[in-house]
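Dumped input.txt below, it's compact mmCIF, C-alpha atoms and all ligand atoms:
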```txt
# COMPACT_ATOMS: atom_id res chain seq x y z
CA MET A 1 13.88 15.00 -11.39
CA LYS A 2 13.98 14.57 -15.15
CA PHE A 3 12.25 11.24 -15.79
CA CYS A 4 9.12 9.54 -14.50
CA SER A 5 10.03 6.90 -11.93
CA ASN A 6 6.89 4.98 -12.89
CA CYS A 7 7.22 4.77 -16.71
CA GLY A 8 10.62 6.27 -17.61
CA GLU A 9 9.31 9.05 -19.89
CA SER A 10 10.34 12.70 -19.42
CA VAL A 11 8.51 14.73 -16.80
CA VAL A 12 7.53 18.38 -17.02
CA LEU A 13 7.25 20.94 -14.22
CA ARG A 14 3.81 22.54 -14.07
CA ILE A 15 0.85 23.20 -11.79
CA PRO A 16 -1.55 20.24 -12.00
CA GLU A 17 -5.28 20.89 -12.24
CA GLY A 18 -6.75 21.55 -8.80
CA ASP A 19 -3.33 22.27 -7.32
CA ASN A 20 -1.55 25.57 -6.68
CA ARG A 21 2.10 24.49 -6.81
CA GLU A 22 4.42 23.31 -9.55
CA ARG A 23 4.97 19.56 -9.55
CA PHE A 24 6.86 17.15 -11.76
CA VAL A 25 4.12 15.63 -13.92
CA CYS A 26 4.28 12.72 -16.37
CA ASP A 27 2.08 13.21 -19.43
CA ASN A 28 2.60 9.59 -20.45
CA CYS A 29 1.29 7.74 -17.38
CA HIS A 30 -0.26 10.81 -15.65
CA THR A 31 1.66 10.36 -12.41
CA ILE A 32 2.19 13.49 -10.30
CA HIS A 33 5.50 13.28 -8.44
CA TYR A 34 5.24 15.09 -5.10
CA GLN A 35 8.38 16.13 -3.26
CA ASN A 36 8.15 16.67 0.48
CA PRO A 37 10.39 17.57 3.44
CA ASN A 38 12.51 14.98 5.22
CA ILE A 39 12.69 14.35 8.94
CA VAL A 40 16.09 14.30 10.61
CA ALA A 41 15.72 12.51 13.95
CA GLY A 42 18.32 12.44 16.68
CA CYS A 43 19.15 12.70 20.35
CA ILE A 44 20.68 14.95 22.96
CA PRO A 45 22.28 12.10 24.92
CA GLU A 46 23.08 13.02 28.52
CA TRP A 47 25.28 11.22 31.04
CA GLU A 48 26.20 12.58 34.46
CA GLY A 49 25.42 16.10 33.29
CA ARG A 50 27.52 15.87 30.16
CA ILE A 51 26.29 15.72 26.55
CA LEU A 52 27.51 13.25 23.94
CA LEU A 53 28.68 14.75 20.65
CA CYS A 54 30.04 13.08 17.51
CA LYS A 55 32.89 14.33 15.34
CA ARG A 56 31.80 13.80 11.75
CA ALA A 57 33.75 11.32 9.61
CA ILE A 58 31.65 12.20 6.53
CA GLU A 59 30.82 15.22 4.42
CA PRO A 60 29.31 17.71 4.78
CA ARG A 61 31.18 19.26 7.70
CA TYR A 62 33.80 16.54 8.01
CA GLY A 63 35.66 16.93 11.33
CA LEU A 64 33.04 19.14 12.98
CA TRP A 65 30.94 18.17 16.00
CA THR A 66 27.25 17.30 15.95
CA LEU A 67 24.50 15.61 17.89
CA PRO A 68 23.79 12.06 16.70
CA ALA A 69 20.99 12.44 14.12
CA GLY A 70 20.04 11.33 10.63
CA PHE A 71 17.25 10.79 8.15
CA MET A 72 14.24 8.92 9.46
CA GLU A 73 13.55 5.74 7.46
CA ASN A 74 10.26 4.35 6.20
CA GLY A 75 8.59 1.93 8.61
CA GLU A 76 9.86 3.36 11.89
CA THR A 77 8.64 5.84 14.49
CA THR A 78 10.40 9.14 15.15
CA GLU A 79 11.63 7.79 18.50
CA GLN A 80 12.98 4.62 16.87
CA ALA A 81 14.75 6.74 14.25
CA ALA A 82 16.35 8.92 16.93
CA MET A 83 17.53 5.89 18.92
CA ARG A 84 18.76 4.07 15.81
CA GLU A 85 20.82 7.05 14.66
CA THR A 86 22.31 7.44 18.14
CA HIS A 87 23.29 3.80 18.14
CA GLU A 88 24.73 3.92 14.60
CA GLU A 89 26.74 7.10 15.04
CA ALA A 90 27.68 6.93 18.70
CA GLY A 91 27.29 3.25 19.67
CA ALA A 92 25.02 4.42 22.47
CA ASN A 93 21.67 3.24 23.78
CA VAL A 94 19.48 6.07 25.00
CA GLU A 95 16.39 6.11 27.16
CA ILE A 96 14.31 8.91 25.71
CA THR A 97 12.74 11.29 28.21
CA SER A 98 11.05 13.85 25.93
CA LEU A 99 11.04 15.58 22.57
CA TYR A 100 13.18 18.64 23.16
CA GLY A 101 13.95 20.36 19.84
CA LEU A 102 11.64 20.69 16.83
CA PHE A 103 13.23 22.86 14.17
CA SER A 104 12.13 23.48 10.61
CA ILE A 105 14.80 24.35 8.05
CA PRO A 106 12.64 25.47 5.13
CA HIS A 107 15.42 26.36 2.69
CA ILE A 108 16.59 22.75 2.63
CA SER A 109 13.15 21.25 3.41
CA GLN A 110 14.22 19.43 6.54
CA VAL A 111 12.55 19.07 9.93
CA TYR A 112 14.80 18.23 12.87
CA MET A 113 13.34 16.30 15.79
CA LEU A 114 15.83 16.01 18.65
CA TYR A 115 14.93 13.95 21.70
CA HIS A 116 16.49 14.35 25.11
CA GLY A 117 17.50 11.13 26.79
CA PHE A 118 19.97 9.50 29.12
CA LEU A 119 22.68 7.05 28.10
CA VAL A 120 22.23 3.51 29.35
CA ASN A 121 25.27 2.67 31.54
CA GLY A 122 27.19 5.57 30.04
CA ALA A 123 28.46 3.36 27.22
CA TYR A 124 29.29 4.74 23.77
CA GLU A 125 31.80 4.34 20.96
CA ALA A 126 32.32 6.03 17.61
CA GLY A 127 30.30 4.49 14.77
CA CYS A 128 31.60 4.44 11.20
CA GLU A 129 30.23 7.92 10.41
CA SER A 130 32.07 9.39 13.42
CA LEU A 131 35.78 10.03 13.88
CA GLU A 132 35.27 10.24 17.62
CA CYS A 133 32.51 10.56 20.23
CA ARG A 134 32.97 12.42 23.48
CA LEU A 135 30.98 13.60 26.50
CA PHE A 136 31.17 17.37 27.02
CA ASN A 137 30.39 19.57 29.98
CA GLU A 138 28.62 22.78 29.01
CA GLN A 139 31.77 24.87 29.37
CA ASP A 140 33.72 22.49 27.11
CA ILE A 141 31.29 22.39 24.16
CA PRO A 142 33.30 23.21 21.00
CA TRP A 143 30.97 26.08 20.00
CA ASP A 144 33.20 27.21 17.13
CA LYS A 145 33.46 23.69 15.73
CA LEU A 146 29.81 22.64 15.59
CA ALA A 147 28.67 21.18 12.29
CA PHE A 148 25.23 22.77 11.86
CA PRO A 149 23.36 25.87 13.06
CA VAL A 150 20.52 23.64 14.34
CA VAL A 151 22.97 21.89 16.68
CA ARG A 152 24.18 25.21 18.09
CA GLU A 153 20.62 26.49 18.53
CA THR A 154 19.52 23.28 20.25
CA LEU A 155 22.48 23.13 22.64
CA GLN A 156 22.19 26.83 23.56
CA ARG A 157 18.52 26.49 24.41
CA PHE A 158 19.12 23.17 26.17
CA PHE A 159 21.73 24.44 28.60
CA ALA A 160 19.64 27.54 29.35
CA ASP A 161 16.52 25.43 30.00
CA ARG A 162 18.37 22.85 32.08
CA LYS A 163 19.48 25.55 34.52
CA HIS A 164 15.83 25.98 35.52
CA GLY A 165 15.93 22.43 36.82
CA LYS A 166 12.35 21.52 35.95
CA ASP A 167 11.00 19.40 33.11
CA LEU A 168 12.51 20.46 29.81
CA PRO A 169 10.02 22.32 27.61
CA LEU A 170 9.59 21.58 23.91
CA GLN A 171 11.61 24.10 21.95
CA ARG A 172 10.26 24.92 18.50
CA GLY A 173 11.93 27.12 15.94
CA GLU A 174 13.07 27.81 12.42
CA ILE A 175 16.63 27.83 11.15
CA ILE A 176 17.13 30.60 8.59
CA LYS A 177 19.56 30.27 5.69
CA HIS A 178 22.93 31.64 6.64
CA PRO A 179 24.05 34.14 3.96
CA LYS A 180 27.48 32.56 3.56
CA ARG A 181 26.63 28.93 4.02
CA GLU A 182 24.60 26.26 2.30
CA SER A 183 22.59 25.22 5.34
CA MET B 1 9.68 3.07 -8.42
CA LYS B 2 10.73 1.34 -11.65
CA PHE B 3 12.87 3.93 -13.47
CA CYS B 4 15.62 6.33 -12.46
CA SER B 5 14.23 9.87 -12.15
CA ASN B 6 17.68 11.21 -13.05
CA CYS B 7 18.51 9.28 -16.26
CA GLY B 8 15.39 7.23 -17.15
CA GLU B 9 17.04 3.79 -17.01
CA SER B 10 15.60 0.92 -14.97
CA VAL B 11 16.40 0.81 -11.26
CA VAL B 12 17.06 -2.27 -9.16
CA LEU B 13 16.30 -2.85 -5.49
CA ARG B 14 19.36 -3.80 -3.48
CA ILE B 15 21.46 -2.85 -0.47
CA PRO B 16 24.09 -0.29 -1.54
CA GLU B 17 27.65 -0.63 -0.27
CA GLY B 18 27.99 0.83 3.21
CA ASP B 19 24.22 0.75 3.77
CA ASN B 20 22.05 -1.81 5.53
CA ARG B 21 18.70 -1.32 3.78
CA GLU B 22 17.40 -2.02 0.31
CA ARG B 23 17.23 1.07 -1.91
CA PHE B 24 16.29 1.68 -5.50
CA VAL B 25 19.66 2.02 -7.21
CA CYS B 26 20.47 3.08 -10.79
CA ASP B 27 23.42 1.21 -12.27
CA ASN B 28 23.56 3.63 -15.20
CA CYS B 29 24.07 6.96 -13.40
CA HIS B 30 24.76 5.47 -9.92
CA THR B 31 22.03 7.44 -8.18
CA ILE B 32 20.63 5.94 -4.97
CA HIS B 33 16.95 6.84 -4.60
CA TYR B 34 16.07 7.17 -0.93
CA GLN B 35 12.45 7.03 0.18
CA ASN B 36 11.52 8.61 3.48
CA PRO B 37 8.45 9.28 5.64
CA ASN B 38 6.12 12.21 5.00
CA ILE B 39 4.92 14.74 7.54
CA VAL B 40 1.20 15.39 7.82
CA ALA B 41 0.73 18.74 9.57
CA GLY B 42 -2.55 20.05 10.91
CA CYS B 43 -4.44 21.75 13.69
CA ILE B 44 -6.86 21.15 16.53
CA PRO B 45 -8.72 24.45 16.04
CA GLU B 46 -10.63 25.56 19.14
CA TRP B 47 -13.29 28.24 19.47
CA GLU B 48 -15.31 28.89 22.63
CA GLY B 49 -14.55 25.39 23.86
CA ARG B 50 -15.58 23.69 20.65
CA ILE B 51 -13.32 21.95 18.09
CA LEU B 52 -13.51 22.49 14.34
CA LEU B 53 -13.79 19.34 12.24
CA CYS B 54 -14.01 18.91 8.45
CA LYS B 55 -16.20 16.42 6.59
CA ARG B 56 -14.04 15.01 3.81
CA ALA B 57 -15.05 15.74 0.20
CA ILE B 58 -12.23 13.52 -1.13
CA GLU B 59 -11.10 9.93 -0.88
CA PRO B 60 -9.98 8.18 1.18
CA ARG B 61 -12.75 8.31 3.80
CA TYR B 62 -15.10 10.51 1.79
CA GLY B 63 -17.89 11.82 4.05
CA LEU B 64 -16.07 11.11 7.32
CA TRP B 65 -14.86 13.77 9.77
CA THR B 66 -11.27 14.79 10.35
CA LEU B 67 -9.06 17.50 11.77
CA PRO B 68 -7.73 19.89 9.11
CA ALA B 69 -4.33 18.42 8.11
CA GLY B 70 -2.32 17.52 5.05
CA PHE B 71 1.12 16.89 3.63
CA MET B 72 3.78 19.42 4.53
CA GLU B 73 5.31 21.06 1.43
CA ASN B 74 8.94 21.84 0.66
CA GLY B 75 10.02 25.32 1.72
CA GLU B 76 7.72 25.78 4.71
CA THR B 77 7.90 25.24 8.46
CA THR B 78 5.73 22.69 10.25
CA GLU B 79 3.71 25.53 11.79
CA GLN B 80 3.19 27.17 8.39
CA ALA B 81 2.09 23.81 6.97
CA ALA B 82 -0.43 23.31 9.78
CA MET B 83 -1.88 26.81 9.35
CA ARG B 84 -1.97 26.52 5.54
CA GLU B 85 -3.85 23.23 5.66
CA THR B 86 -6.32 24.64 8.16
CA HIS B 87 -6.92 27.59 5.89
CA GLU B 88 -7.26 25.45 2.77
CA GLU B 89 -9.58 22.84 4.25
CA ALA B 90 -11.56 24.90 6.74
CA GLY B 91 -11.14 28.53 5.61
CA ALA B 92 -9.91 29.28 9.11
CA ASN B 93 -7.01 31.29 10.50
CA VAL B 94 -5.52 29.77 13.64
CA GLU B 95 -3.23 31.21 16.27
CA ILE B 96 -1.07 28.27 17.28
CA THR B 97 -0.54 27.78 21.01
CA SER B 98 1.51 24.55 21.09
CA LEU B 99 2.35 21.29 19.40
CA TYR B 100 -0.12 18.85 20.90
CA GLY B 101 -0.03 15.55 18.99
CA LEU B 102 3.01 13.85 17.50
CA PHE B 103 2.11 10.45 16.12
CA SER B 104 4.14 8.10 13.97
CA ILE B 105 2.28 5.73 11.65
CA PRO B 106 5.10 3.42 10.59
CA HIS B 107 3.09 1.08 8.34
CA ILE B 108 2.32 3.97 5.99
CA SER B 109 5.50 5.95 6.80
CA GLN B 110 3.71 9.08 7.96
CA VAL B 111 4.33 11.37 10.92
CA TYR B 112 1.39 13.47 12.10
CA MET B 113 2.10 16.78 13.78
CA LEU B 114 -1.08 18.36 15.14
CA TYR B 115 -0.94 21.83 16.69
CA HIS B 116 -3.45 23.20 19.12
CA GLY B 117 -4.63 26.72 18.40
CA PHE B 118 -7.53 29.12 18.60
CA LEU B 119 -9.58 30.37 15.67
CA VAL B 120 -9.21 34.04 14.85
CA ASN B 121 -12.67 35.67 15.21
CA GLY B 122 -14.31 32.24 15.05
CA ALA B 123 -14.49 32.44 11.26
CA TYR B 124 -14.38 29.33 9.06
CA GLU B 125 -15.91 27.92 5.90
CA ALA B 126 -15.56 24.64 4.03
CA GLY B 127 -12.68 24.55 1.54
CA CYS B 128 -12.86 22.53 -1.67
CA GLU B 129 -11.63 19.34 0.02
CA SER B 130 -14.41 19.58 2.64
CA LEU B 131 -18.13 18.95 2.26
CA GLU B 132 -18.76 20.86 5.47
CA CYS B 133 -16.92 22.26 8.49
CA ARG B 134 -18.49 22.44 11.93
CA LEU B 135 -17.60 23.27 15.54
CA PHE B 136 -18.27 20.39 17.93
CA ASN B 137 -18.59 20.24 21.67
CA GLU B 138 -16.90 17.19 23.19
CA GLN B 139 -20.21 15.37 23.68
CA ASP B 140 -21.18 15.94 20.04
CA ILE B 141 -17.98 14.64 18.39
CA PRO B 142 -19.03 12.05 15.76
CA TRP B 143 -16.80 9.33 17.23
CA ASP B 144 -18.15 6.62 14.93
CA LYS B 145 -17.69 8.77 11.83
CA LEU B 146 -14.08 9.89 12.23
CA ALA B 147 -11.88 9.43 9.16
CA PHE B 148 -8.63 8.18 10.70
CA PRO B 149 -7.47 6.41 13.88
CA VAL B 150 -4.96 9.22 14.52
CA VAL B 151 -7.82 11.73 14.68
CA ARG B 152 -9.67 9.62 17.24
CA GLU B 153 -6.54 9.12 19.31
CA THR B 154 -5.72 12.83 19.26
CA LEU B 155 -9.22 13.99 20.20
CA GLN B 156 -9.56 11.43 23.01
CA ARG B 157 -6.28 12.51 24.58
CA PHE B 158 -7.06 16.19 23.98
CA PHE B 159 -10.38 16.21 25.81
CA ALA B 160 -8.90 14.22 28.69
CA ASP B 161 -5.95 16.62 28.99
CA ARG B 162 -8.09 19.73 28.67
CA LYS B 163 -10.09 18.70 31.73
CA HIS B 164 -6.95 19.21 33.82
CA GLY B 165 -7.10 22.88 32.89
CA LYS B 166 -3.35 23.49 32.74
CA ASP B 167 -1.05 23.81 29.76
CA LEU B 168 -1.61 21.02 27.31
CA PRO B 169 1.24 18.48 27.33
CA LEU B 170 2.80 17.14 24.14
CA GLN B 171 1.24 13.79 23.38
CA ARG B 172 3.45 11.35 21.51
CA GLY B 173 2.42 7.98 20.20
CA GLU B 174 2.32 5.38 17.49
CA ILE B 175 -0.70 4.35 15.44
CA ILE B 176 -0.67 0.61 14.79
CA LYS B 177 -2.12 -0.87 11.62
CA HIS B 178 -5.75 -1.82 12.11
CA PRO B 179 -6.20 -5.48 11.06
CA LYS B 180 -9.20 -4.71 8.81
CA ARG B 181 -8.21 -1.33 7.46
CA GLU B 182 -5.49 0.13 5.27
CA SER B 183 -4.42 2.83 7.69
ZN ZN C 201 5.15 8.24 -16.25
ZN ZN C 202 20.00 6.83 -13.40
```
Show me the file's structure as structure tokens.
Ligand SMILES: [Zn+2]
Ligand SMILES: [Zn+2]
Amino acid sequence: MKFCSNCGESVVLRIPEGDNRERFVCDNCHTIHYQNPNIVAGCIPEWEGRILLCKRAIEPRYGLWTLPAGFMENGETTEQAAMRETHEEAGANVEITSLYGLFSIPHISQVYMLYHGFLVNGAYEAGCESLECRLFNEQDIPWDKLAFPVVRETLQRFFADRKHGKDLPLQRGEIIKHPKRES
Amino acid sequence: MKFCSNCGESVVLRIPEGDNRERFVCDNCHTIHYQNPNIVAGCIPEWEGRILLCKRAIEPRYGLWTLPAGFMENGETTEQAAMRETHEEAGANVEITSLYGLFSIPHISQVYMLYHGFLVNGAYEAGCESLECRLFNEQDIPWDKLAFPVVRETLQRFFADRKHGKDLPLQRGEIIKHPKRES
């Protein structure tokens, strides 16, 4: 951020009075521009024991596999965001059963909220951000071709929890910056 | 948003190519300015069966009671945000036990994440955004002087769930716009 989105003058980075963090401040119109984490909402879509993954048709991580998920939009609920992203990326309607994964990724200021749910009728098809969508059994998950650490972490915990056969717990966690990767 | 925060030129509101929602777009530097929901993180701090509430010293809802909560900051986890806000507003350290309330408020694009936890040593004191902090038994909760519908909803569900005496479930929900109020 270099300019004030309210008046167009230059902003400066400093700690406003009564605050304890640096913010972008406009000395012309006195707006303080707060920057806050984004929610990435998505699903772990299940059908007959298999999990639906999407092969990314966009950067970053073009060609790698991920759970359908994306940035929550203004004016929707977290569940609506998760279902919308699953429909956009995987052409699938999901009946949500529970919130399964809640992961903070502080170094990129994202919070992942991944809901477990079942496909409706088992139908799906690749959306325009996916090269391909496919249902995987646990033993066929492409572990070395997953797009993001949060997807690996979620799927590992999910398959372990599902073996217990009861209600899935909520899994909370933090994804730490990988030394050799951006996120 | 009227001006581009990257180059200072005027922005226009339109649907970018490949998108399906209106965004603020800069035709000078071609930046698309996305706007996304904010997370409000907080706690339901418990001590010897009572719940800690804060009487607001700031607008909106000056003088009304709320759970300690506030906007999550970049670079932290949701749990850290909840504990930080509880410390700032109520001078209290909390040991988090679970995520209890997850509420979307789509008309103001906020997502509340309220963790249940226990006070450490029972210590607390009003922070500078609170006129007063106080522990309330269920029958003493000031139901007609609560600051926000999401606080009422959370406390109602919490006391009902706590009566069952088992692990608290995760409560998810949506707060609908009140016809006579802003939020
Ligand atoms: Zn300004
Ligand atoms: Zn620009």
| said: Could you list, as a list of chain:residue names, all residues that come within 8 Å of ligand ZN 201 (chain C)? Count all atoms listed in the file. | reply: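 After applying the 8 Å limit, what remains is A:Phe3, A:Cys4, A:Ser5, A:Asn6, A:Cys7, A:Gly8, A:Glu9, A:Ser10, A:Val11, A:Val25, A:Cys26, A:Asp27, A:Asn28, A:Cys29, A:His30, A:Thr31.
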| request: Identify all chain A residues at most 8 Å from chain B by counting all atoms listed in the file; ligands do not count. Present them as a ChimeraX atom specification. | output: /A:1-10,35-39,71-78,104-109,111,174
Can you provide chain A as a CSV table (one decimal) with C-alpha atoms, keeping the file's coordinate frame, superposed onto chain B by least squares across all C-alpha atoms matched in order?
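As written to disk, selection.csv reads:
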```csv
chain,number,residue,atom,x,y,z
A,1,MET,CA,9.7,3.0,-8.4
A,2,LYS,CA,10.7,1.3,-11.7
A,3,PHE,CA,12.9,3.9,-13.5
A,4,CYS,CA,15.6,6.3,-12.5
A,5,SER,CA,14.2,9.9,-12.1
A,6,ASN,CA,17.7,11.2,-13.0
A,7,CYS,CA,18.5,9.3,-16.2
A,8,GLY,CA,15.4,7.2,-17.1
A,9,GLU,CA,17.1,3.8,-17.0
A,10,SER,CA,15.6,0.9,-15.0
A,11,VAL,CA,16.4,0.8,-11.3
A,12,VAL,CA,17.1,-2.3,-9.2
A,13,LEU,CA,16.3,-2.9,-5.5
A,14,ARG,CA,19.4,-3.8,-3.5
A,15,ILE,CA,21.5,-2.8,-0.5
A,16,PRO,CA,24.1,-0.3,-1.5
A,17,GLU,CA,27.7,-0.6,-0.3
A,18,GLY,CA,28.0,0.8,3.2
A,19,ASP,CA,24.2,0.7,3.8
A,20,ASN,CA,22.1,-1.8,5.5
A,21,ARG,CA,18.7,-1.3,3.8
A,22,GLU,CA,17.4,-2.0,0.3
A,23,ARG,CA,17.2,1.0,-1.9
A,24,PHE,CA,16.3,1.7,-5.5
A,25,VAL,CA,19.7,2.0,-7.2
A,26,CYS,CA,20.5,3.1,-10.8
A,27,ASP,CA,23.5,1.2,-12.3
A,28,ASN,CA,23.6,3.6,-15.2
A,29,CYS,CA,24.1,7.0,-13.4
A,30,HIS,CA,24.8,5.5,-9.9
A,31,THR,CA,22.0,7.5,-8.2
A,32,ILE,CA,20.6,5.9,-5.0
A,33,HIS,CA,17.0,6.8,-4.6
A,34,TYR,CA,16.1,7.2,-0.9
A,35,GLN,CA,12.4,7.0,0.2
A,36,ASN,CA,11.5,8.6,3.5
A,37,PRO,CA,8.4,9.3,5.6
A,38,ASN,CA,6.1,12.2,5.0
A,39,ILE,CA,4.9,14.7,7.5
A,40,VAL,CA,1.2,15.4,7.8
A,41,ALA,CA,0.7,18.7,9.6
A,42,GLY,CA,-2.6,20.0,10.9
A,43,CYS,CA,-4.4,21.8,13.7
A,44,ILE,CA,-6.9,21.2,16.5
A,45,PRO,CA,-8.7,24.5,16.0
A,46,GLU,CA,-10.6,25.6,19.1
A,47,TRP,CA,-13.3,28.2,19.5
A,48,GLU,CA,-15.3,28.9,22.6
A,49,GLY,CA,-14.5,25.4,23.9
A,50,ARG,CA,-15.6,23.7,20.7
A,51,ILE,CA,-13.3,22.0,18.1
A,52,LEU,CA,-13.5,22.5,14.4
A,53,LEU,CA,-13.8,19.3,12.2
A,54,CYS,CA,-14.0,18.9,8.5
A,55,LYS,CA,-16.2,16.4,6.6
A,56,ARG,CA,-14.1,15.0,3.8
A,57,ALA,CA,-15.1,15.7,0.2
A,58,ILE,CA,-12.2,13.5,-1.1
A,59,GLU,CA,-11.1,9.9,-0.9
A,60,PRO,CA,-10.0,8.2,1.2
A,61,ARG,CA,-12.8,8.3,3.8
A,62,TYR,CA,-15.1,10.5,1.8
A,63,GLY,CA,-17.9,11.8,4.1
A,64,LEU,CA,-16.1,11.1,7.3
A,65,TRP,CA,-14.9,13.8,9.8
A,66,THR,CA,-11.3,14.8,10.4
A,67,LEU,CA,-9.1,17.5,11.8
A,68,PRO,CA,-7.7,19.9,9.1
A,69,ALA,CA,-4.3,18.4,8.1
A,70,GLY,CA,-2.3,17.5,5.0
A,71,PHE,CA,1.1,16.9,3.6
A,72,MET,CA,3.8,19.4,4.5
A,73,GLU,CA,5.3,21.0,1.4
A,74,ASN,CA,8.9,21.8,0.6
A,75,GLY,CA,10.0,25.3,1.7
A,76,GLU,CA,7.7,25.8,4.7
A,77,THR,CA,7.9,25.2,8.4
A,78,THR,CA,5.7,22.7,10.2
A,79,GLU,CA,3.7,25.5,11.8
A,80,GLN,CA,3.2,27.2,8.4
A,81,ALA,CA,2.1,23.8,7.0
A,82,ALA,CA,-0.4,23.3,9.8
A,83,MET,CA,-1.9,26.8,9.3
A,84,ARG,CA,-2.0,26.5,5.5
A,85,GLU,CA,-3.9,23.2,5.7
A,86,THR,CA,-6.3,24.7,8.2
A,87,HIS,CA,-6.9,27.6,5.9
A,88,GLU,CA,-7.3,25.4,2.8
A,89,GLU,CA,-9.6,22.9,4.2
A,90,ALA,CA,-11.6,24.9,6.7
A,91,GLY,CA,-11.1,28.5,5.6
A,92,ALA,CA,-9.9,29.3,9.1
A,93,ASN,CA,-7.0,31.3,10.5
A,94,VAL,CA,-5.5,29.8,13.6
A,95,GLU,CA,-3.2,31.2,16.3
A,96,ILE,CA,-1.1,28.3,17.3
A,97,THR,CA,-0.5,27.8,21.0
A,98,SER,CA,1.5,24.6,21.1
A,99,LEU,CA,2.4,21.3,19.4
A,100,TYR,CA,-0.1,18.9,20.9
A,101,GLY,CA,0.0,15.5,19.0
A,102,LEU,CA,3.0,13.8,17.5
A,103,PHE,CA,2.1,10.4,16.1
A,104,SER,CA,4.1,8.1,14.0
A,105,ILE,CA,2.3,5.7,11.6
A,106,PRO,CA,5.1,3.4,10.6
A,107,HIS,CA,3.1,1.1,8.3
A,108,ILE,CA,2.3,4.0,6.0
A,109,SER,CA,5.5,5.9,6.8
A,110,GLN,CA,3.7,9.1,8.0
A,111,VAL,CA,4.3,11.4,10.9
A,112,TYR,CA,1.4,13.5,12.1
A,113,MET,CA,2.1,16.8,13.8
A,114,LEU,CA,-1.1,18.4,15.1
A,115,TYR,CA,-0.9,21.8,16.7
A,116,HIS,CA,-3.5,23.2,19.1
A,117,GLY,CA,-4.6,26.7,18.4
A,118,PHE,CA,-7.5,29.1,18.6
A,119,LEU,CA,-9.6,30.4,15.7
A,120,VAL,CA,-9.2,34.0,14.9
A,121,ASN,CA,-12.7,35.7,15.2
A,122,GLY,CA,-14.3,32.2,15.1
A,123,ALA,CA,-14.5,32.4,11.3
A,124,TYR,CA,-14.4,29.3,9.1
A,125,GLU,CA,-15.9,27.9,5.9
A,126,ALA,CA,-15.6,24.6,4.0
A,127,GLY,CA,-12.7,24.6,1.6
A,128,CYS,CA,-12.9,22.5,-1.7
A,129,GLU,CA,-11.6,19.3,0.0
A,130,SER,CA,-14.4,19.6,2.6
A,131,LEU,CA,-18.1,19.0,2.3
A,132,GLU,CA,-18.8,20.9,5.5
A,133,CYS,CA,-16.9,22.3,8.5
A,134,ARG,CA,-18.5,22.4,11.9
A,135,LEU,CA,-17.6,23.3,15.5
A,136,PHE,CA,-18.3,20.4,17.9
A,137,ASN,CA,-18.6,20.2,21.7
A,138,GLU,CA,-16.9,17.2,23.2
A,139,GLN,CA,-20.2,15.4,23.7
A,140,ASP,CA,-21.2,16.0,20.0
A,141,ILE,CA,-18.0,14.6,18.4
A,142,PRO,CA,-19.0,12.1,15.8
A,143,TRP,CA,-16.8,9.3,17.2
A,144,ASP,CA,-18.2,6.6,14.9
A,145,LYS,CA,-17.7,8.8,11.8
A,146,LEU,CA,-14.1,9.9,12.2
A,147,ALA,CA,-11.9,9.4,9.2
A,148,PHE,CA,-8.6,8.2,10.7
A,149,PRO,CA,-7.5,6.4,13.9
A,150,VAL,CA,-5.0,9.2,14.5
A,151,VAL,CA,-7.8,11.7,14.7
A,152,ARG,CA,-9.7,9.6,17.2
A,153,GLU,CA,-6.5,9.1,19.3
A,154,THR,CA,-5.7,12.8,19.3
A,155,LEU,CA,-9.2,14.0,20.2
A,156,GLN,CA,-9.5,11.4,23.0
A,157,ARG,CA,-6.3,12.5,24.6
A,158,PHE,CA,-7.1,16.2,24.0
A,159,PHE,CA,-10.4,16.2,25.8
A,160,ALA,CA,-8.9,14.2,28.7
A,161,ASP,CA,-5.9,16.6,29.0
A,162,ARG,CA,-8.1,19.7,28.7
A,163,LYS,CA,-10.1,18.7,31.7
A,164,HIS,CA,-6.9,19.2,33.8
A,165,GLY,CA,-7.1,22.9,32.9
A,166,LYS,CA,-3.4,23.5,32.8
A,167,ASP,CA,-1.0,23.8,29.8
A,168,LEU,CA,-1.6,21.0,27.3
A,169,PRO,CA,1.2,18.5,27.3
A,170,LEU,CA,2.8,17.1,24.1
A,171,GLN,CA,1.2,13.8,23.4
A,172,ARG,CA,3.5,11.3,21.5
A,173,GLY,CA,2.4,8.0,20.2
A,174,GLU,CA,2.3,5.4,17.5
A,175,ILE,CA,-0.7,4.3,15.4
A,176,ILE,CA,-0.7,0.6,14.8
A,177,LYS,CA,-2.1,-0.9,11.6
A,178,HIS,CA,-5.7,-1.8,12.1
A,179,PRO,CA,-6.2,-5.5,11.0
A,180,LYS,CA,-9.2,-4.7,8.9
A,181,ARG,CA,-8.2,-1.3,7.5
A,182,GLU,CA,-5.5,0.1,5.3
A,183,SER,CA,-4.4,2.8,7.7
```
| Residue nearest ligand ZN 202 (chain C) - candidates B:Arg152, B:Arg56, B:His33, B:Arg157, atoms counted: all atoms listed in the file | B:His33
| said: Please compute the CA of Gly42 (chain A)-CA of Leu13 (chain B) distance, one decimal, in Å. | reply: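 Between these atoms lies a distance of 27.0 Å.
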